[in-house]
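For reference, entry_27.cif is printed below; it contains mmCIF, C-alpha atoms.
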```cif
data_work
loop_
_atom_site.group_PDB
_atom_site.id
_atom_site.type_symbol
_atom_site.label_atom_id
_atom_site.label_comp_id
_atom_site.auth_asym_id
_atom_site.auth_seq_id
_atom_site.Cartn_x
_atom_site.Cartn_y
_atom_site.Cartn_z
ATOM 1 C CA MET A 1140 15.392 -19.978 1.592
ATOM 2 C CA ASN A 1141 18.144 -21.796 -0.269
ATOM 3 C CA TYR A 1142 20.319 -24.678 0.974
ATOM 4 C CA ASP A 1143 22.733 -27.114 -0.572
ATOM 5 C CA LEU A 1144 21.051 -30.058 1.137
ATOM 6 C CA ILE A 1145 17.735 -30.597 2.893
ATOM 7 C CA ILE A 1146 17.333 -33.613 5.152
ATOM 8 C CA LEU A 1147 13.818 -34.773 5.931
ATOM 9 C CA GLY A 1148 13.829 -36.274 9.412
ATOM 10 C CA ALA A 1149 15.975 -35.658 12.471
ATOM 11 C CA GLY A 1150 16.408 -39.142 13.848
ATOM 12 C CA THR A 1151 19.769 -40.885 14.095
ATOM 13 C CA ALA A 1152 20.077 -41.219 10.302
ATOM 14 C CA GLY A 1153 19.031 -37.650 9.567
ATOM 15 C CA LEU A 1154 21.194 -36.028 12.237
ATOM 16 C CA THR A 1155 24.217 -38.149 11.295
ATOM 17 C CA ALA A 1156 23.708 -37.157 7.669
ATOM 18 C CA SER A 1157 23.550 -33.503 8.678
ATOM 19 C CA ILE A 1158 26.824 -33.811 10.595
ATOM 20 C CA TYR A 1159 28.649 -35.425 7.681
ATOM 21 C CA ALA A 1160 27.167 -32.981 5.196
ATOM 22 C CA ALA A 1161 28.158 -29.976 7.312
ATOM 23 C CA CYS A 1162 31.681 -31.378 7.643
ATOM 24 C CA SER A 1163 31.736 -31.584 3.833
ATOM 25 C CA GLY A 1164 31.141 -27.841 3.661
ATOM 26 C CA LEU A 1165 27.472 -27.935 2.701
ATOM 27 C CA LYS A 1166 24.770 -25.546 3.885
ATOM 28 C CA VAL A 1167 22.325 -27.950 5.518
ATOM 29 C CA LEU A 1168 18.723 -27.820 6.699
ATOM 30 C CA CYS A 1169 17.139 -30.634 8.705
ATOM 31 C CA ILE A 1170 13.325 -30.647 8.955
ATOM 32 C CA GLU A 1171 11.539 -32.656 11.647
ATOM 33 C CA ASN A 1172 7.811 -32.557 12.353
ATOM 34 C CA GLN A 1173 8.055 -34.316 15.712
ATOM 35 C CA THR A 1174 10.768 -34.712 18.374
ATOM 36 C CA CYS A 1175 14.394 -34.611 17.236
ATOM 37 C CA GLY A 1176 15.947 -38.010 17.746
ATOM 38 C CA GLY A 1177 13.103 -40.178 16.515
ATOM 39 C CA GLN A 1178 11.812 -43.288 18.276
ATOM 40 C CA ILE A 1179 15.047 -43.852 20.194
ATOM 41 C CA VAL A 1180 14.207 -40.877 22.426
ATOM 42 C CA ASN A 1181 11.806 -43.150 24.341
ATOM 43 C CA THR A 1182 14.413 -45.849 25.035
ATOM 44 C CA PRO A 1183 15.679 -45.617 28.638
ATOM 45 C CA ASP A 1184 19.054 -47.278 28.044
ATOM 46 C CA ILE A 1185 21.208 -47.894 24.973
ATOM 47 C CA ILE A 1186 23.956 -50.450 25.561
ATOM 48 C CA ASN A 1187 24.793 -51.655 22.028
ATOM 49 C CA TYR A 1188 25.956 -48.463 20.301
ATOM 50 C CA PRO A 1189 29.755 -48.395 19.890
ATOM 51 C CA GLY A 1190 31.502 -45.921 22.175
ATOM 52 C CA PHE A 1191 28.717 -45.643 24.748
ATOM 53 C CA LYS A 1192 28.707 -48.164 27.572
ATOM 54 C CA ASN A 1193 25.308 -46.912 28.665
ATOM 55 C CA ILE A 1194 23.332 -43.869 27.559
ATOM 56 C CA SER A 1195 19.649 -43.000 27.446
ATOM 57 C CA GLY A 1196 17.953 -42.489 24.102
ATOM 58 C CA LEU A 1197 17.171 -38.897 25.051
ATOM 59 C CA ASP A 1198 20.786 -38.079 25.950
ATOM 60 C CA PHE A 1199 22.029 -39.793 22.796
ATOM 61 C CA SER A 1200 19.666 -37.777 20.623
ATOM 62 C CA GLN A 1201 20.506 -34.513 22.350
ATOM 63 C CA LYS A 1202 24.222 -35.107 21.795
ATOM 64 C CA LEU A 1203 23.621 -35.707 18.083
ATOM 65 C CA GLN A 1204 21.464 -32.608 17.793
ATOM 66 C CA SER A 1205 23.964 -30.440 19.682
ATOM 67 C CA GLN A 1206 26.816 -31.666 17.492
ATOM 68 C CA ALA A 1207 24.859 -30.881 14.330
ATOM 69 C CA VAL A 1208 23.906 -27.382 15.510
ATOM 70 C CA ASP A 1209 27.495 -26.644 16.546
ATOM 71 C CA LEU A 1210 28.555 -27.488 12.985
ATOM 72 C CA GLY A 1211 26.083 -24.963 11.577
ATOM 73 C CA VAL A 1212 23.144 -27.200 10.670
ATOM 74 C CA ASP A 1213 19.747 -25.485 10.702
ATOM 75 C CA ILE A 1214 17.090 -27.643 12.377
ATOM 76 C CA LYS A 1215 13.450 -26.668 11.897
ATOM 77 C CA ASN A 1216 10.479 -28.229 13.655
ATOM 78 C CA GLU A 1217 7.881 -27.810 10.906
ATOM 79 C CA GLN A 1218 5.215 -29.834 9.124
ATOM 80 C CA ILE A 1219 5.884 -30.594 5.461
ATOM 81 C CA CYS A 1220 2.929 -29.624 3.267
ATOM 82 C CA LYS A 1221 4.202 -29.988 -0.303
ATOM 83 C CA ILE A 1222 7.212 -31.528 -2.022
ATOM 84 C CA ASP A 1223 8.691 -31.314 -5.512
ATOM 85 C CA LEU A 1224 11.784 -33.456 -6.037
ATOM 86 C CA GLU A 1225 11.574 -33.774 -9.822
ATOM 87 C CA GLN A 1226 13.501 -30.675 -10.817
ATOM 88 C CA LYS A 1227 17.196 -29.948 -10.424
ATOM 89 C CA ASN A 1228 16.296 -27.538 -7.626
ATOM 90 C CA LYS A 1229 14.242 -29.416 -5.047
ATOM 91 C CA THR A 1230 11.396 -27.614 -3.273
ATOM 92 C CA ILE A 1231 10.037 -28.326 0.202
ATOM 93 C CA ILE A 1232 7.077 -26.279 1.414
ATOM 94 C CA THR A 1233 6.226 -26.448 5.124
ATOM 95 C CA ASP A 1234 3.534 -24.847 7.238
ATOM 96 C CA ASN A 1235 5.925 -21.930 7.838
ATOM 97 C CA ASN A 1236 8.324 -21.567 4.914
ATOM 98 C CA GLU A 1237 9.408 -22.584 1.434
ATOM 99 C CA TYR A 1238 12.871 -24.126 1.072
ATOM 100 C CA ASN A 1239 14.959 -24.990 -1.972
ATOM 101 C CA SER A 1240 18.000 -27.223 -2.265
ATOM 102 C CA LYS A 1241 20.237 -29.020 -4.723
ATOM 103 C CA ALA A 1242 19.756 -32.414 -3.054
ATOM 104 C CA VAL A 1243 17.470 -34.093 -0.536
ATOM 105 C CA ILE A 1244 17.973 -36.971 1.885
ATOM 106 C CA ILE A 1245 14.816 -38.778 3.010
ATOM 107 C CA ALA A 1246 15.328 -39.996 6.582
ATOM 108 C CA THR A 1247 11.735 -40.110 7.796
ATOM 109 C CA GLY A 1248 12.037 -43.504 9.508
ATOM 110 C CA THR A 1249 9.186 -45.806 10.437
ATOM 111 C CA ARG A 1250 6.486 -46.031 13.017
ATOM 112 C CA ARG A 1251 5.841 -49.217 14.965
ATOM 113 C CA ARG A 1252 2.717 -51.113 14.085
ATOM 114 C CA GLU A 1253 0.737 -51.365 17.290
ATOM 115 C CA LEU A 1254 -1.630 -54.044 18.573
ATOM 116 C CA GLY A 1255 -4.360 -51.512 19.210
ATOM 117 C CA CYS A 1256 -5.598 -53.392 22.256
ATOM 118 C CA LYS A 1257 -6.748 -52.118 25.631
ATOM 119 C CA GLY A 1258 -3.842 -51.329 27.969
ATOM 120 C CA GLU A 1259 -1.175 -51.068 25.266
ATOM 121 C CA GLU A 1260 -0.737 -47.331 25.604
ATOM 122 C CA GLN A 1261 -1.065 -47.428 29.392
ATOM 123 C CA PHE A 1262 1.762 -49.931 29.842
ATOM 124 C CA ARG A 1263 4.062 -48.693 27.067
ATOM 125 C CA GLY A 1264 7.508 -48.512 28.666
ATOM 126 C CA ARG A 1265 6.149 -50.292 31.738
ATOM 127 C CA GLY A 1266 6.246 -53.785 30.361
ATOM 128 C CA VAL A 1267 5.158 -53.201 26.769
ATOM 129 C CA THR A 1268 8.040 -52.660 24.376
ATOM 130 C CA TYR A 1269 8.701 -52.836 20.644
ATOM 131 C CA CYS A 1270 12.405 -53.739 20.446
ATOM 132 C CA ALA A 1271 13.881 -56.935 21.857
ATOM 133 C CA THR A 1272 17.497 -55.996 21.178
ATOM 134 C CA CYS A 1273 16.975 -52.601 22.819
ATOM 135 C CA ASP A 1274 15.072 -53.687 25.922
ATOM 136 C CA GLY A 1275 15.612 -57.425 26.320
ATOM 137 C CA ARG A 1276 18.183 -57.099 29.090
ATOM 138 C CA PHE A 1277 15.649 -55.369 31.347
ATOM 139 C CA PHE A 1278 13.728 -58.653 31.485
ATOM 140 C CA LYS A 1279 16.596 -60.948 32.461
ATOM 141 C CA ASN A 1280 15.238 -64.074 34.166
ATOM 142 C CA LYS A 1281 11.680 -62.765 33.712
ATOM 143 C CA ILE A 1282 8.684 -64.280 31.952
ATOM 144 C CA VAL A 1283 7.800 -62.451 28.747
ATOM 145 C CA GLY A 1284 5.637 -62.743 25.676
ATOM 146 C CA ILE A 1285 6.262 -61.715 22.112
ATOM 147 C CA VAL A 1286 3.497 -61.071 19.591
ATOM 148 C CA GLY A 1287 4.014 -61.838 15.907
ATOM 149 C CA GLY A 1288 4.715 -64.559 13.397
ATOM 150 C CA GLY A 1289 7.300 -63.129 11.026
ATOM 151 C CA ASN A 1290 11.078 -63.281 11.029
ATOM 152 C CA THR A 1291 11.413 -60.437 13.520
ATOM 153 C CA ALA A 1292 9.119 -62.084 16.074
ATOM 154 C CA VAL A 1293 10.695 -65.526 15.747
ATOM 155 C CA GLU A 1294 14.274 -64.249 15.818
ATOM 156 C CA ASP A 1295 13.447 -62.007 18.767
ATOM 157 C CA ALA A 1296 11.940 -64.985 20.599
ATOM 158 C CA ILE A 1297 15.176 -66.923 20.109
ATOM 159 C CA TYR A 1298 17.184 -63.897 21.267
ATOM 160 C CA LEU A 1299 15.012 -63.431 24.358
ATOM 161 C CA SER A 1300 15.196 -67.137 25.235
ATOM 162 C CA ASN A 1301 18.893 -66.572 26.016
ATOM 163 C CA ILE A 1302 18.015 -63.814 28.477
ATOM 164 C CA CYS A 1303 14.579 -64.502 29.916
ATOM 165 C CA LYS A 1304 13.345 -67.319 32.118
ATOM 166 C CA HIS A 1305 10.535 -68.159 29.713
ATOM 167 C CA VAL A 1306 9.197 -66.771 26.439
ATOM 168 C CA TYR A 1307 5.659 -67.149 25.109
ATOM 169 C CA VAL A 1308 5.224 -66.580 21.372
ATOM 170 C CA ILE A 1309 1.698 -65.310 20.684
ATOM 171 C CA HIS A 1310 0.578 -65.637 17.068
ATOM 172 C CA ARG A 1311 -2.868 -65.248 15.513
ATOM 173 C CA ARG A 1312 -2.339 -68.193 13.133
ATOM 174 C CA ASN A 1313 -1.033 -71.741 13.515
ATOM 175 C CA GLU A 1314 1.777 -71.299 10.997
ATOM 176 C CA PHE A 1315 4.645 -68.811 10.892
ATOM 177 C CA ARG A 1316 5.728 -66.539 8.057
ATOM 178 C CA ALA A 1317 9.307 -66.671 9.341
ATOM 179 C CA SER A 1318 11.995 -68.740 7.682
ATOM 180 C CA GLU A 1319 11.801 -72.492 8.201
ATOM 181 C CA ARG A 1320 15.259 -72.523 9.756
ATOM 182 C CA SER A 1321 14.397 -69.872 12.355
ATOM 183 C CA VAL A 1322 11.113 -71.588 13.259
ATOM 184 C CA LYS A 1323 12.955 -74.886 13.721
ATOM 185 C CA ILE A 1324 15.472 -73.294 16.076
ATOM 186 C CA MET A 1325 12.689 -71.580 18.020
ATOM 187 C CA LYS A 1326 10.761 -74.827 18.487
ATOM 188 C CA GLN A 1327 13.870 -76.536 19.843
ATOM 189 C CA ARG A 1328 14.222 -74.047 22.695
ATOM 190 C CA LYS A 1329 12.845 -75.595 25.866
ATOM 191 C CA ASN A 1330 11.966 -72.239 27.432
ATOM 192 C CA ILE A 1331 9.804 -71.103 24.496
ATOM 193 C CA THR A 1332 6.093 -71.924 24.474
ATOM 194 C CA LEU A 1333 3.884 -71.257 21.459
ATOM 195 C CA LYS A 1334 0.462 -69.700 21.895
ATOM 196 C CA LEU A 1335 -0.986 -70.183 18.425
ATOM 197 C CA ASN A 1336 -4.353 -69.072 17.080
ATOM 198 C CA SER A 1337 -4.314 -66.400 19.776
ATOM 199 C CA VAL A 1338 -4.565 -62.617 19.839
ATOM 200 C CA VAL A 1339 -3.959 -60.177 22.682
ATOM 201 C CA ASP A 1340 -7.309 -58.823 23.783
ATOM 202 C CA SER A 1341 -6.020 -56.595 26.609
ATOM 203 C CA ILE A 1342 -3.015 -55.901 28.818
ATOM 204 C CA GLU A 1343 -3.535 -55.633 32.568
ATOM 205 C CA GLY A 1344 -1.611 -54.602 35.647
ATOM 206 C CA LYS A 1345 -1.133 -51.893 38.261
ATOM 207 C CA ASN A 1346 2.044 -49.792 38.033
ATOM 208 C CA LEU A 1347 3.604 -52.342 35.669
ATOM 209 C CA MET A 1348 1.941 -54.823 33.356
ATOM 210 C CA GLU A 1349 1.194 -58.131 35.041
ATOM 211 C CA ASN A 1350 -0.705 -60.242 32.530
ATOM 212 C CA VAL A 1351 -2.390 -60.324 29.150
ATOM 213 C CA ILE A 1352 -5.828 -61.583 28.200
ATOM 214 C CA LEU A 1353 -5.683 -63.808 25.129
ATOM 215 C CA THR A 1354 -8.575 -64.662 22.834
ATOM 216 C CA ASP A 1355 -8.534 -67.924 20.894
ATOM 217 C CA THR A 1356 -9.244 -67.084 17.245
ATOM 218 C CA ILE A 1357 -11.070 -70.410 16.724
ATOM 219 C CA THR A 1358 -13.082 -70.878 19.914
ATOM 220 C CA ASN A 1359 -13.219 -67.239 21.128
ATOM 221 C CA GLU A 1360 -12.248 -68.551 24.565
ATOM 222 C CA LYS A 1361 -10.414 -65.998 26.737
ATOM 223 C CA THR A 1362 -7.475 -66.923 28.963
ATOM 224 C CA SER A 1363 -5.160 -64.951 31.229
ATOM 225 C CA LEU A 1364 -1.394 -65.263 30.781
ATOM 226 C CA PRO A 1365 0.854 -63.800 33.549
ATOM 227 C CA LEU A 1366 3.791 -61.901 32.031
ATOM 228 C CA ASN A 1367 6.447 -59.457 33.191
ATOM 229 C CA GLY A 1368 6.818 -58.000 29.718
ATOM 230 C CA LEU A 1369 5.289 -58.047 26.251
ATOM 231 C CA PHE A 1370 7.327 -57.479 23.078
ATOM 232 C CA VAL A 1371 5.281 -56.375 20.084
ATOM 233 C CA ALA A 1372 6.762 -57.491 16.750
ATOM 234 C CA VAL A 1373 3.904 -57.192 14.285
ATOM 235 C CA GLY A 1374 5.786 -55.026 11.824
ATOM 236 C CA SER A 1375 6.655 -51.415 11.135
ATOM 237 C CA ILE A 1376 5.092 -48.860 8.827
ATOM 238 C CA PRO A 1377 7.601 -46.826 6.778
ATOM 239 C CA ASN A 1378 6.946 -43.097 6.507
ATOM 240 C CA SER A 1379 7.346 -43.091 2.751
ATOM 241 C CA ARG A 1380 3.992 -42.672 1.033
ATOM 242 C CA GLU A 1381 4.414 -38.978 0.169
ATOM 243 C CA PHE A 1382 7.616 -39.751 -1.757
ATOM 244 C CA SER A 1383 6.242 -42.507 -3.998
ATOM 245 C CA LYS A 1384 6.171 -40.198 -7.041
ATOM 246 C CA TRP A 1385 9.975 -39.875 -7.016
ATOM 247 C CA VAL A 1386 11.224 -43.147 -5.495
ATOM 248 C CA ASP A 1387 10.475 -46.843 -5.874
ATOM 249 C CA LEU A 1388 8.818 -48.590 -2.938
ATOM 250 C CA ASP A 1389 8.985 -52.300 -2.162
ATOM 251 C CA GLU A 1390 5.946 -54.388 -1.219
ATOM 252 C CA GLN A 1391 6.108 -53.203 2.391
ATOM 253 C CA GLY A 1392 6.451 -49.553 1.408
ATOM 254 C CA TYR A 1393 10.167 -49.133 2.123
ATOM 255 C CA ILE A 1394 12.154 -46.933 -0.246
ATOM 256 C CA VAL A 1395 14.255 -48.976 -2.640
ATOM 257 C CA ALA A 1396 17.951 -48.107 -2.544
ATOM 258 C CA GLY A 1397 21.178 -50.038 -2.355
ATOM 259 C CA GLU A 1398 24.051 -49.602 0.060
ATOM 260 C CA ASP A 1399 24.909 -46.348 -1.739
ATOM 261 C CA CYS A 1400 21.575 -44.902 -0.512
ATOM 262 C CA GLU A 1401 20.718 -43.470 -3.968
ATOM 263 C CA THR A 1402 17.143 -43.541 -5.243
ATOM 264 C CA LYS A 1403 15.969 -43.487 -8.852
ATOM 265 C CA THR A 1404 15.658 -39.686 -8.854
ATOM 266 C CA CYS A 1405 18.822 -37.623 -9.322
ATOM 267 C CA GLY A 1406 19.725 -35.730 -6.187
ATOM 268 C CA VAL A 1407 17.396 -37.726 -3.929
ATOM 269 C CA PHE A 1408 18.911 -40.076 -1.364
ATOM 270 C CA VAL A 1409 17.485 -42.148 1.485
ATOM 271 C CA ALA A 1410 18.885 -43.111 4.881
ATOM 272 C CA GLY A 1411 17.812 -45.058 7.943
ATOM 273 C CA ASP A 1412 14.888 -47.309 8.731
ATOM 274 C CA VAL A 1413 12.756 -46.070 5.813
ATOM 275 C CA ARG A 1414 15.241 -47.680 3.390
ATOM 276 C CA THR A 1415 15.079 -51.292 2.187
ATOM 277 C CA LYS A 1416 17.421 -53.240 4.465
ATOM 278 C CA LYS A 1417 17.520 -56.276 6.718
ATOM 279 C CA ILE A 1418 18.871 -54.761 9.954
ATOM 280 C CA ARG A 1419 17.338 -51.620 11.446
ATOM 281 C CA GLN A 1420 19.419 -50.480 14.400
ATOM 282 C CA LEU A 1421 20.991 -47.196 15.547
ATOM 283 C CA VAL A 1422 24.358 -48.140 14.123
ATOM 284 C CA THR A 1423 22.933 -48.960 10.672
ATOM 285 C CA ALA A 1424 20.931 -45.718 10.695
ATOM 286 C CA ALA A 1425 24.106 -43.770 11.454
ATOM 287 C CA SER A 1426 25.936 -45.664 8.708
ATOM 288 C CA ASP A 1427 23.223 -44.808 6.189
ATOM 289 C CA GLY A 1428 23.332 -41.162 7.245
ATOM 290 C CA ALA A 1429 27.055 -40.923 6.615
ATOM 291 C CA ILE A 1430 26.862 -42.712 3.258
ATOM 292 C CA ALA A 1431 23.896 -40.668 2.024
ATOM 293 C CA ALA A 1432 25.503 -37.367 3.071
ATOM 294 C CA LEU A 1433 28.782 -38.127 1.322
ATOM 295 C CA ALA A 1434 26.921 -39.299 -1.788
ATOM 296 C CA ALA A 1435 24.859 -36.095 -1.750
ATOM 297 C CA ALA A 1436 28.012 -33.991 -1.363
ATOM 298 C CA GLU A 1437 29.574 -35.753 -4.339
ATOM 299 C CA TYR A 1438 26.427 -35.187 -6.395
ATOM 300 C CA ILE A 1439 26.295 -31.484 -5.494
ATOM 301 C CA ASN A 1440 29.951 -30.979 -6.323
ATOM 302 C CA HIS A 1441 29.377 -32.667 -9.667
ATOM 303 C CA ILE A 1442 26.463 -30.423 -10.712
ATOM 304 C CA ASN A 1443 28.060 -27.149 -9.530
#
```
What does the file become when written as structure tokens?
Amino acid sequence: MNYDLIILGAGTAGLTASIYAACSGLKVLCIENQTCGGQIVNTPDIINYPGFKNISGLDFSQKLQSQAVDLGVDIKNEQICKIDLEQKNKTIITDNNEYNSKAVIIATGTRRRELGCKGEEQFRGRGVTYCATCDGRFFKNKIVGIVGGGNTAVEDAIYLSNICKHVYVIHRRNEFRASERSVKIMKQRKNITLKLNSVVDSIEGKNLMENVILTDTITNEKTSLPLNGLFVAVGSIPNSREFSKWVDLDEQGYIVAGEDCETKTCGVFVAGDVRTKKIRQLVTAASDGAIAALAAAEYINHIN
């Protein structure tokens, strides 16, 4: 089956790209191997996306999907088995079909790096969360912890200190990888306490999480820390490995592309969280989707 443009991934970036591409007159296919909408589907409330005072992640995703379908976008829930992006005509083979297109947008996103400890899955969405800017307001005046030692963890701790009663920063080492400036600001906050040389051994509670068990990495001593919420900020894993033959990856595995969303391979573009960037939010994913789609449309018009 032939298309002008194939978009890999149906999260916010991919669906936005499909909308812009369809509005540009392209025949568009969007392939997603999981749930349309991406990780945001699991977020109960979105309050920071322009134009929506309050909307659930599921409703937001369904609106995007409905808009794309109404514009004529084909959305297939299939597993990608083989890819060839080298030639002028790109080929995507799934478990059901073979598709060809003139251009491809990679919008496969990332997956959150998990702690892998006991209770994490049980209390996901019931105290355990992976996005401070998404879910911080639900813990107003509560006591929370955040796990991690990089820029995201430190900056999230500062952000949460403006909302929560108290914030515990749990880090497996005694030094932070975050910028010196951010660490200095964090240490000046009176309602932030550092739990260094500590790892989360387990998360406990009844209907909601109530406390975490910490293990000291030096003494192996275990302690219980009562918390209303735990924010996990130990990094993300980009879904990019299968594209490494045609795109450049940075040290973390993100696809290298500038603000124009173009990769090193002609006709291959990237959008959303899988791209090298500093801020990964819904609004930046949507922005990438629009830019990549318009760049792809320009490329297609040029080669026709």
Using the chain letters and residue numbers of this document, give as a CSV table (one decimal) with C-alpha atoms, in the coordinates of the input the residues selected by the PyMOL selection byres ((chain A and resi 1442) around 12).
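Output saved as part32.csv:
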```csv
chain,number,residue,atom,x,y,z
A,1143,ASP,CA,22.7,-27.1,-0.6
A,1227,LYS,CA,17.2,-29.9,-10.4
A,1228,ASN,CA,16.3,-27.5,-7.6
A,1241,LYS,CA,20.2,-29.0,-4.7
A,1242,ALA,CA,19.8,-32.4,-3.1
A,1405,CYS,CA,18.8,-37.6,-9.3
A,1406,GLY,CA,19.7,-35.7,-6.2
A,1435,ALA,CA,24.9,-36.1,-1.8
A,1436,ALA,CA,28.0,-34.0,-1.4
A,1437,GLU,CA,29.6,-35.8,-4.3
A,1438,TYR,CA,26.4,-35.2,-6.4
A,1439,ILE,CA,26.3,-31.5,-5.5
A,1440,ASN,CA,30.0,-31.0,-6.3
A,1441,HIS,CA,29.4,-32.7,-9.7
A,1443,ASN,CA,28.1,-27.1,-9.5
```
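When the PyMOL selection byres ((chain A and resi 1189-1204) around 9) is run on the displayed coordinates, the residues it returns are Ala1149, Gly1150, Thr1151, Leu1154, Thr1155, Ile1158, Cys1175, Gly1176, Gly1177, Gln1178, Ile1179, Val1180, Asn1181, Thr1182, Pro1183, Asp1184, Ile1185, Ile1186, Asn1187, Tyr1188, Ser1205, Gln1206, Ala1207, Val1208, Asp1209, Ile1214 and Val1422 of chain A.
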Closest contacts (stretch 1353-1435 of chain A/stretch 1261-1266 of chain A, max 12 Å, all atoms listed in the file) as a tab-separated table:
```
residue	atom	partner	partner_atom	distance
A:Pro1365	CA	A:Gly1266	CA	11.8
A:Leu1366	CA	A:Gly1266	CA	8.6
A:Asn1367	CA	A:Gly1266	CA	6.3
A:Gly1368	CA	A:Gly1266	CA	4.3
A:Leu1369	CA	A:Gly1266	CA	6.0
A:Phe1370	CA	A:Gly1266	CA	8.2
A:Val1371	CA	A:Arg1263	CA	10.5
```
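Restricting the calculation to only C-alpha atoms, the smallest distance between A:Leu1347 and any of A:Gly1153, A:Ala1425, A:Thr1249, A:Glu1259 is found for A:Glu1259.
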Which residue out of A:Thr1174, A:Gln1327, A:Asn1216, A:Asn1290 has the minimum interatomic distance to A:Asn1235 when all atoms listed in the file are used?
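That would be A:Asn1216, the residue with the smallest distance to A:Asn1235.
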Pick from A:Gly1255, A:Gly1392, A:Gly1211, A:Gly1284, whichever lies nearest to A:Asn1330 using all atoms listed in the file
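Of all the options, A:Gly1284 lies closest to A:Asn1330.
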For the atom pair atom CA of A:Thr1415 and atom CA of A:Ala1317, what is the interatomic distance in Å to one decimal place?
17.9 Å
Output check: residues returned by the PyMOL selection byres ((chain A and resi 1239) around 12), as number ranges by chain:
A: 1140-1146, 1166-1168, 1221-1224, 1226-1233, 1236-1238, 1240-1243
Point-to-point distance in Å for atom CA of A:Phe1315 and atom CA of A:Met1348
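Those two atoms sit 26.6 Å apart.
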Name all residues at most 9 Å from A:Ala1432 (count only C-alpha atoms; drop same-chain ones fewer than 6 positions away) and give them as a list of chain:residue names.
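Surrounding residues, per the criterion: A:Leu1144, A:Thr1155, A:Ala1156, A:Ser1157, A:Ile1158, A:Tyr1159, A:Ala1160, A:Ala1161, A:Ser1163, A:Ile1244, A:Phe1408, A:Ala1410.
One distance worth recording is that between atom CA of A:Lys1329 and atom CA of A:Val1293, which is 14.4 Å.
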Please work out which residues fall within 6 Å of (4.4, -33.1, 12.8), coordinates as given in the file, with all atoms listed in the file counting, and return them as a list in words.
Asn1172, Gln1173 and Gln1218 of chain A
Please determine the residues with any atom at most 12 Å from (2.5, -42.5, 1.7) (coordinates as given in the file, with only C-alpha atoms counting) and report them as a ChimeraX atom specification.
/A:1247,1249,1376-1388,1391-1394,1413
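Of the residues under consideration (A:Thr1404, A:Ser1321, A:Thr1291, A:Gly1148), A:Thr1291 shows the shortest atom-to-atom contact distance to A:Arg1419 when counting all atoms listed in the file.
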Would you compute the box with edges along x, y and z of the file around stretch 1360-1367 of chain A, including every atom the file lists for it and 8 Å extra on each side, and give its centre and edge lengths in Å to one decimal, as lines of an AutoDock Vina configuration file?
```
center_x = -2.9
center_y = -64.0
center_z = 29.1
size_x = 34.7
size_y = 25.1
size_z = 25.0
```
Shortest contact to A:Ile1282, candidates A:Leu1364, A:Ala1372, A:Leu1335, A:Ile1342, atoms counted all atoms listed in the file, goes to A:Leu1364
Could you list, as a PDB file with C-alpha atoms, in the coordinates of the input, every residue within 8 Å of A:Tyr1298, counting only C-alpha atoms and ignoring same-chain residues fewer than 4 positions away?
```
ATOM      1  CA  ALA A1271      13.881 -56.935  21.857  1.00  0.00           C
ATOM      2  CA  THR A1272      17.497 -55.996  21.178  1.00  0.00           C
ATOM      3  CA  GLU A1294      14.274 -64.249  15.818  1.00  0.00           C
ATOM      4  CA  ILE A1302      18.015 -63.814  28.477  1.00  0.00           C
TER       5      ILE A1302
END
```
